[in-house]
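**Q** Below is the file work01.csv, which contains CSV, C-alpha atoms.
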```
chain,number,residue,atom,x,y,z
Y,489,MET,CA,-20.1,40.0,48.8
Y,490,LYS,CA,-19.8,38.5,52.2
Y,491,VAL,CA,-18.1,41.0,54.5
Y,492,ILE,CA,-16.5,40.2,57.9
Y,493,VAL,CA,-16.2,43.2,60.2
Y,494,PHE,CA,-14.0,43.2,63.3
Y,495,GLY,CA,-14.3,46.0,65.8
Y,496,GLY,CA,-17.9,46.9,65.0
Y,497,SER,CA,-18.5,48.5,68.4
Y,498,GLY,CA,-15.8,51.1,67.8
Y,499,LEU,CA,-15.9,54.3,65.8
Y,500,ILE,CA,-14.2,53.1,62.6
Y,501,GLY,CA,-15.7,49.6,62.9
Y,502,ASP,CA,-19.2,51.1,63.1
Y,503,GLY,CA,-18.5,53.0,59.8
Y,504,PHE,CA,-17.5,49.7,58.2
Y,505,LEU,CA,-20.6,48.0,59.5
Y,506,GLN,CA,-23.1,50.7,58.6
Y,507,GLU,CA,-21.7,51.2,55.0
Y,508,SER,CA,-21.6,47.4,54.4
Y,509,LEU,CA,-25.2,47.1,55.5
Y,510,LEU,CA,-26.2,49.9,53.1
Y,511,ALA,CA,-24.3,48.5,50.1
Y,512,GLY,CA,-26.5,46.9,47.5
Y,513,ASP,CA,-23.8,44.4,46.5
Y,514,VAL,CA,-23.2,43.1,50.0
Y,515,ARG,CA,-25.3,40.1,50.7
Y,516,GLU,CA,-24.2,39.3,54.2
Y,517,VAL,CA,-22.3,41.1,57.0
Y,518,VAL,CA,-20.7,39.0,59.8
Y,519,ALA,CA,-19.7,41.2,62.9
Y,520,VAL,CA,-17.2,39.4,65.1
Y,521,GLY,CA,-16.9,40.8,68.6
Y,522,ARG,CA,-16.7,39.9,72.3
Y,523,ARG,CA,-20.2,41.2,73.0
Y,524,PRO,CA,-23.3,41.5,70.9
Y,525,LEU,CA,-24.0,44.8,69.2
Y,526,ASP,CA,-27.2,46.7,69.8
Y,527,LEU,CA,-28.1,46.5,66.2
Y,528,ALA,CA,-30.4,44.4,64.1
Y,529,HIS,CA,-30.5,44.1,60.3
Y,530,PRO,CA,-31.6,41.4,57.8
Y,531,LYS,CA,-28.1,41.2,56.4
Y,532,LEU,CA,-26.3,41.2,59.7
Y,533,ARG,CA,-25.2,38.1,61.6
Y,534,GLN,CA,-23.4,38.6,64.9
Y,535,VAL,CA,-20.7,36.2,66.1
Y,536,VAL,CA,-19.6,36.5,69.7
Y,537,HIS,CA,-16.1,35.2,70.2
Y,538,GLY,CA,-13.8,35.4,73.2
Y,539,ASP,CA,-10.3,34.4,72.1
Y,540,PHE,CA,-9.0,36.8,69.5
Y,541,LEU,CA,-5.7,34.9,69.2
Y,542,ASP,CA,-7.4,31.8,67.9
Y,543,PHE,CA,-10.4,31.9,65.5
Y,544,THR,CA,-10.6,28.2,64.9
Y,545,ALA,CA,-13.9,27.9,66.8
Y,546,ILE,CA,-15.6,30.3,64.4
Y,547,ARG,CA,-14.0,29.1,61.2
Y,548,ASP,CA,-17.3,28.0,59.8
Y,549,ASP,CA,-18.8,31.4,60.3
Y,550,LEU,CA,-16.0,33.0,58.3
Y,551,GLN,CA,-16.4,30.5,55.4
Y,552,GLY,CA,-17.3,32.2,52.1
Y,553,ALA,CA,-15.9,35.6,53.1
Y,554,ASP,CA,-14.9,37.9,50.3
Y,555,VAL,CA,-13.9,40.9,52.4
Y,556,CYS,CA,-12.5,41.5,55.9
Y,557,LEU,CA,-12.7,45.0,57.3
Y,558,TRP,CA,-10.5,45.4,60.4
Y,559,GLY,CA,-11.6,48.3,62.5
Y,560,LEU,CA,-10.4,46.8,65.8
Y,561,GLY,CA,-7.8,48.9,67.6
Y,562,VAL,CA,-6.7,50.5,70.8
Y,563,SER,CA,-4.7,53.6,71.9
Y,564,SER,CA,-1.1,52.8,73.2
Y,565,ALA,CA,-1.5,55.5,75.8
Y,566,GLY,CA,-1.3,54.0,79.3
Y,567,MET,CA,-1.1,50.5,77.9
Y,568,ALA,CA,1.7,48.0,78.6
Y,569,PRO,CA,3.8,47.5,75.5
Y,570,ALA,CA,3.2,43.7,75.5
Y,571,ASP,CA,-0.6,44.2,75.7
Y,572,TYR,CA,-0.6,46.8,73.0
Y,573,GLU,CA,1.4,44.5,70.7
Y,574,ARG,CA,-0.8,41.5,71.5
Y,575,ILE,CA,-4.0,43.4,70.6
Y,576,THR,CA,-2.7,45.4,67.6
Y,577,TYR,CA,-0.5,42.8,65.9
Y,578,GLY,CA,-1.4,39.5,67.6
Y,579,TYR,CA,-5.2,39.7,67.1
Y,580,THR,CA,-4.8,40.9,63.5
Y,581,GLU,CA,-2.3,38.2,62.6
Y,582,ALA,CA,-4.5,35.5,64.0
Y,583,ALA,CA,-7.4,36.6,61.8
Y,584,VAL,CA,-5.1,37.0,58.8
Y,585,GLN,CA,-3.8,33.4,59.2
Y,586,THR,CA,-7.3,31.9,59.5
Y,587,LEU,CA,-8.8,34.0,56.6
Y,588,ARG,CA,-5.9,33.3,54.3
Y,589,GLU,CA,-6.5,29.6,54.7
Y,590,ILE,CA,-10.2,30.1,53.9
Y,591,ASN,CA,-9.8,32.5,50.9
Y,592,PRO,CA,-6.3,33.6,49.8
Y,593,ASP,CA,-7.9,36.0,47.4
Y,594,LEU,CA,-9.9,37.8,50.1
Y,595,THR,CA,-9.7,41.6,50.3
Y,596,PHE,CA,-8.3,42.4,53.8
Y,597,VAL,CA,-8.5,46.1,54.8
Y,598,TYR,CA,-6.6,47.1,57.9
Y,599,VAL,CA,-6.9,50.5,59.5
Y,600,SER,CA,-3.8,51.9,61.1
Y,601,GLY,CA,-3.2,55.6,61.1
Y,602,GLY,CA,-1.1,58.5,60.0
Y,603,GLY,CA,2.5,58.3,61.2
Y,604,THR,CA,2.7,54.5,61.0
Y,605,ASP,CA,6.2,53.2,60.5
Y,606,SER,CA,6.3,50.6,57.7
Y,607,SER,CA,10.1,50.2,58.1
Y,608,GLU,CA,9.5,48.8,61.6
Y,609,ARG,CA,12.8,50.4,62.7
Y,610,GLY,CA,11.7,53.9,63.9
Y,611,ARG,CA,11.9,55.2,67.5
Y,612,VAL,CA,8.2,55.2,68.2
Y,613,ARG,CA,7.0,51.9,69.4
Y,614,TRP,CA,3.3,52.1,68.5
Y,615,ALA,CA,4.2,53.2,64.9
Y,616,ARG,CA,6.6,50.2,64.6
Y,617,VAL,CA,3.9,47.8,65.8
Y,618,LYS,CA,1.3,49.2,63.4
Y,619,GLY,CA,3.8,49.1,60.6
Y,620,ARG,CA,4.5,45.4,61.4
Y,621,THR,CA,0.8,44.7,61.3
Y,622,GLU,CA,0.3,46.6,58.0
Y,623,ASN,CA,3.2,44.6,56.5
Y,624,ALA,CA,1.8,41.3,57.6
Y,625,VAL,CA,-1.6,42.0,56.0
Y,626,ILE,CA,-0.1,43.2,52.7
Y,627,ALA,CA,2.3,40.2,52.6
Y,628,ALA,CA,-0.5,37.7,53.3
Y,629,PHE,CA,-3.0,38.9,50.7
Y,630,PRO,CA,-2.6,40.1,47.1
Y,631,ASN,CA,-5.6,42.2,48.0
Y,632,GLY,CA,-4.4,43.4,51.3
Y,633,TYR,CA,-4.6,47.1,52.1
Y,634,ALA,CA,-3.8,49.5,54.9
Y,635,LEU,CA,-5.7,52.7,55.5
Y,636,ARG,CA,-4.0,55.6,57.3
Y,637,PRO,CA,-6.7,58.1,58.1
Y,638,GLY,CA,-5.9,61.4,59.7
Y,639,PHE,CA,-8.6,62.8,62.0
Y,640,VAL,CA,-11.8,60.7,61.6
Y,641,LEU,CA,-15.1,62.5,62.2
Y,642,PRO,CA,-18.0,60.3,63.4
Y,643,ARG,CA,-21.1,59.7,61.3
Y,644,HIS,CA,-24.1,57.5,61.8
Y,645,ALA,CA,-24.2,58.9,65.4
Y,646,ALA,CA,-21.2,56.8,66.3
Y,647,ARG,CA,-18.8,57.9,69.1
Y,648,SER,CA,-15.3,56.9,69.9
Y,649,LYS,CA,-14.7,55.0,73.1
Y,650,THR,CA,-11.5,56.9,73.6
Y,651,THR,CA,-12.2,59.9,75.9
Y,652,ALA,CA,-9.4,62.1,74.5
Y,653,TYR,CA,-10.6,61.4,70.9
Y,654,ARG,CA,-14.2,62.4,71.9
Y,655,TRP,CA,-12.9,65.7,73.3
Y,656,ALA,CA,-10.8,66.3,70.2
Y,657,THR,CA,-13.8,65.7,68.0
Y,658,VAL,CA,-15.7,68.4,69.8
Y,659,ALA,CA,-12.8,70.8,69.5
Y,660,THR,CA,-11.9,70.1,65.9
Y,661,ARG,CA,-15.4,70.0,64.3
Y,662,PRO,CA,-15.7,73.8,64.1
Y,663,LEU,CA,-12.3,74.0,62.3
Y,664,VAL,CA,-13.4,71.7,59.4
Y,665,PRO,CA,-14.9,74.6,57.3
Y,666,LEU,CA,-11.6,76.5,57.7
Y,667,LEU,CA,-9.7,73.4,56.6
Y,668,ARG,CA,-11.9,73.2,53.5
Y,669,VAL,CA,-11.3,76.8,52.6
Y,670,LEU,CA,-7.5,76.2,53.0
Y,671,ARG,CA,-7.9,73.0,51.0
Y,672,LEU,CA,-6.4,71.0,53.8
Y,673,ALA,CA,-9.4,68.9,54.7
Y,674,PRO,CA,-8.8,66.1,52.2
Y,675,VAL,CA,-5.3,65.7,53.5
Y,676,LEU,CA,-6.1,65.9,57.2
Y,677,VAL,CA,-9.7,64.9,57.8
Y,678,THR,CA,-12.0,62.1,56.8
Y,679,ASP,CA,-15.1,60.5,58.4
Y,680,THR,CA,-16.5,57.0,59.1
Y,681,VAL,CA,-18.8,57.0,56.0
Y,682,ARG,CA,-15.8,57.7,53.7
Y,683,LEU,CA,-13.7,55.1,55.4
Y,684,GLY,CA,-16.5,52.5,54.9
Y,685,ARG,CA,-17.0,53.4,51.3
Y,686,ALA,CA,-13.3,53.5,50.5
Y,687,ALA,CA,-12.8,50.1,52.1
Y,688,LEU,CA,-15.7,48.6,50.0
Y,689,ASN,CA,-14.4,50.2,46.9
Y,690,LEU,CA,-11.0,48.6,47.4
Y,691,ALA,CA,-12.8,45.2,47.4
Y,692,ARG,CA,-14.7,46.1,44.2
Y,693,THR,CA,-12.0,47.6,42.1
Y,694,GLY,CA,-8.7,47.5,43.9
Y,695,HIS,CA,-6.2,50.3,44.0
Y,696,SER,CA,-2.8,51.0,42.6
Y,697,ARG,CA,-1.5,51.6,46.2
Y,698,ARG,CA,-1.5,49.1,49.0
Y,699,VAL,CA,-1.1,51.8,51.7
Y,700,LEU,CA,-3.6,54.7,51.4
Y,701,GLU,CA,-3.1,58.0,53.2
Y,702,ASN,CA,-6.0,60.3,54.1
Y,703,ARG,CA,-6.3,62.0,50.7
Y,704,ASP,CA,-6.2,58.5,49.0
Y,705,ILE,CA,-9.0,57.3,51.3
Y,706,ASN,CA,-11.2,60.3,50.5
Y,707,GLU,CA,-10.6,59.8,46.8
Y,708,ALA,CA,-11.3,56.1,47.0
Y,709,ALA,CA,-14.5,56.8,48.8
Y,710,ALA,CA,-15.7,59.0,45.9
Y,711,SER,CA,-14.7,56.7,43.1
```
In structure tokens, what does this structure look like?
**A**
Amino acid sequence: MKVIVFGGSGLIGDGFLQESLLAGDVREVVAVGRRPLDLAHPKLRQVVHGDFLDFTAIRDDLQGADVCLWGLGVSSAGMAPADYERITYGYTEAAVQTLREINPDLTFVYVSGGGTDSSERGRVRWARVKGRTENAVIAAFPNGYALRPGFVLPRHAARSKTTAYRWATVATRPLVPLLRVLRLAPVLVTDTVRLGRAALNLARTGHSRRVLENRDINEAAAS
């Protein structure tokens, strides 16, 4: 498989990137970002691109793609609504349109999060925007999926760029054994390895659901 990864410098994108590089059936990984990653691997090709609302200039780099793993995202906290919508929906939609023209059978895996509003009519703006984005991906590709993880623990030494999330990771990690005892961990917690494996397994075998909640993600990772 040829895998395209967006957002490889972030926590979730790093999980996608690392698991794709480890997978025996992945022949090439193309990481698209604004800046080069501090990473080298025989399978990895990095594409630096500035305009995430227009991917025409790198269309040739995307040719032959079988899978797109979208880990690019930002927190809505402190961000102007128009900026949040441009990054969350606009960037994703631009990639969807280009990749659909290249390969309409491509598997596109988009990461949103728990609480996303697929009706697009709820009171919470960020949830509506993410729901709109999920719906666009699923409508564009027969093999389009949305992942809604709960709390994501870092693996591969990756760290979130969001300060609040880093603090939450430190505070939450000691609670994970208790969640396992209470059998709540599969519902509430996953990690970047499982997200990466789940996304690749969706490309390999598909899934009966187009929107996967945290428990579904963990089960798909183990399949």
**Q** For Y:Ser564, which residue among Y:Val612, Y:Gly552, Y:Asp593, Y:Asn689 is the nearest when counting only C-alpha atoms?
**A**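 Checking each candidate against Y:Ser564, we get Y:Val612 as the closest.
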**Q** Determine, counting only C-alpha atoms, which protein, DNA and RNA residues have an atom within 9 Å of an atom of stretch 530-547 of chain Y; residues of the same chain fewer than 2 positions away are not included. Present the result as number ranges by chain.
**A** Y: 505, 509, 514-525, 527-528, 549-551, 574-575, 578-583, 586-587, 590
**Q** I need the chosen residues saved as a tab-separated table (two decimals), keeping the file's coordinate frame, with C-alpha atoms.
**A**
```tsv
chain	number	residue	atom	x	y	z
Y	505	LEU	CA	-20.60	48.00	59.50
Y	509	LEU	CA	-25.20	47.10	55.50
Y	514	VAL	CA	-23.20	43.10	50.00
Y	515	ARG	CA	-25.30	40.10	50.70
Y	516	GLU	CA	-24.20	39.30	54.20
Y	517	VAL	CA	-22.30	41.10	57.00
Y	518	VAL	CA	-20.70	39.00	59.80
Y	519	ALA	CA	-19.70	41.20	62.90
Y	520	VAL	CA	-17.20	39.40	65.10
Y	521	GLY	CA	-16.90	40.80	68.60
Y	522	ARG	CA	-16.70	39.90	72.30
Y	523	ARG	CA	-20.20	41.20	73.00
Y	524	PRO	CA	-23.30	41.50	70.90
Y	525	LEU	CA	-24.00	44.80	69.20
Y	527	LEU	CA	-28.10	46.50	66.20
Y	528	ALA	CA	-30.40	44.40	64.10
Y	549	ASP	CA	-18.80	31.40	60.30
Y	550	LEU	CA	-16.00	33.00	58.30
Y	551	GLN	CA	-16.40	30.50	55.40
Y	574	ARG	CA	-0.80	41.50	71.50
Y	575	ILE	CA	-4.00	43.40	70.60
Y	578	GLY	CA	-1.40	39.50	67.60
Y	579	TYR	CA	-5.20	39.70	67.10
Y	580	THR	CA	-4.80	40.90	63.50
Y	581	GLU	CA	-2.30	38.20	62.60
Y	582	ALA	CA	-4.50	35.50	64.00
Y	583	ALA	CA	-7.40	36.60	61.80
Y	586	THR	CA	-7.30	31.90	59.50
Y	587	LEU	CA	-8.80	34.00	56.60
Y	590	ILE	CA	-10.20	30.10	53.90
```
**Q** Could you give me, as a list of chain:residue names, the residues within 6 Å of Y:Phe494, counting all atoms listed in the file and dropping anything in the same chain fewer than 5 positions from it?
**A**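 Within the cut-off, the hits are Y:Val520, Y:Trp558, Y:Gly559, Y:Leu560.
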**Q** Out of Y:Ile705, Y:Leu510, Y:Val599, Y:Val681, which residue has the shortest atom-to-atom distance to Y:Cys556 when counting all atoms listed in the file?
**A**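 Nearest candidate to Y:Cys556 out of Y:Ile705, Y:Leu510, Y:Val599, Y:Val681: Y:Val599.
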**Q** Which value, in Å to one decimal, gives the distance between atom CA of Y:Thr604 and atom CA of Y:Leu676?
**A** 14.9 Å
**Q** As an exercise, work out the distance from atom CA of Y:Gly694 to atom CA of Y:Pro630 in Å and give it to one decimal place.
**A**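 Pair atom CA of Y:Gly694 / atom CA of Y:Pro630 returns 10.1 Å.
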**Q** Could you tell me how far atom CA of Y:Val677 lies from atom CA of Y:Phe639, in Å and to one decimal?
**A**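 Atom-to-atom, atom CA of Y:Val677 to atom CA of Y:Phe639, that is 4.8 Å.
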**Q** Within 10 Å of (-14.7, 51.1, 50.0) (file coordinates; all atoms listed in the file), which protein or nucleic acid residues are there? I'd like them as number ranges by chain.
**A** Y: 504, 507-508, 511, 557, 597, 681-694, 705-706, 708-711
**Q** Rank nothing, just name the residue among Y:Gly619, Y:Gly601, Y:Pro569, Y:Gly610 nearest to Y:Ile500, using all atoms listed in the file.
**A**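 Selected residue with least distance to Y:Ile500: Y:Gly601.
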**Q** Counting all atoms listed in the file, which residue out of Y:Tyr577, Y:Glu589, Y:Leu700, Y:Met489 sits closest to Y:Arg616?
**A**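 Among the listed residues, Y:Tyr577 lies closest to Y:Arg616.
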**Q** Using all atoms listed in the file, pick whichever of Y:Gly503, Y:Gly602, Y:Pro592, Y:Gly561 has the shortest atom-to-atom distance to Y:Gly638.
**A**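 Once distances to Y:Gly638 are computed over all atoms listed in the file, the minimum belongs to Y:Gly602.
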**Q** Out of Y:Ser600, Y:Thr621, Y:Asn702, Y:Ser607, which residue has the shortest atom-to-atom distance to Y:Asp679 when counting all atoms listed in the file?
**A** Y:Asn702
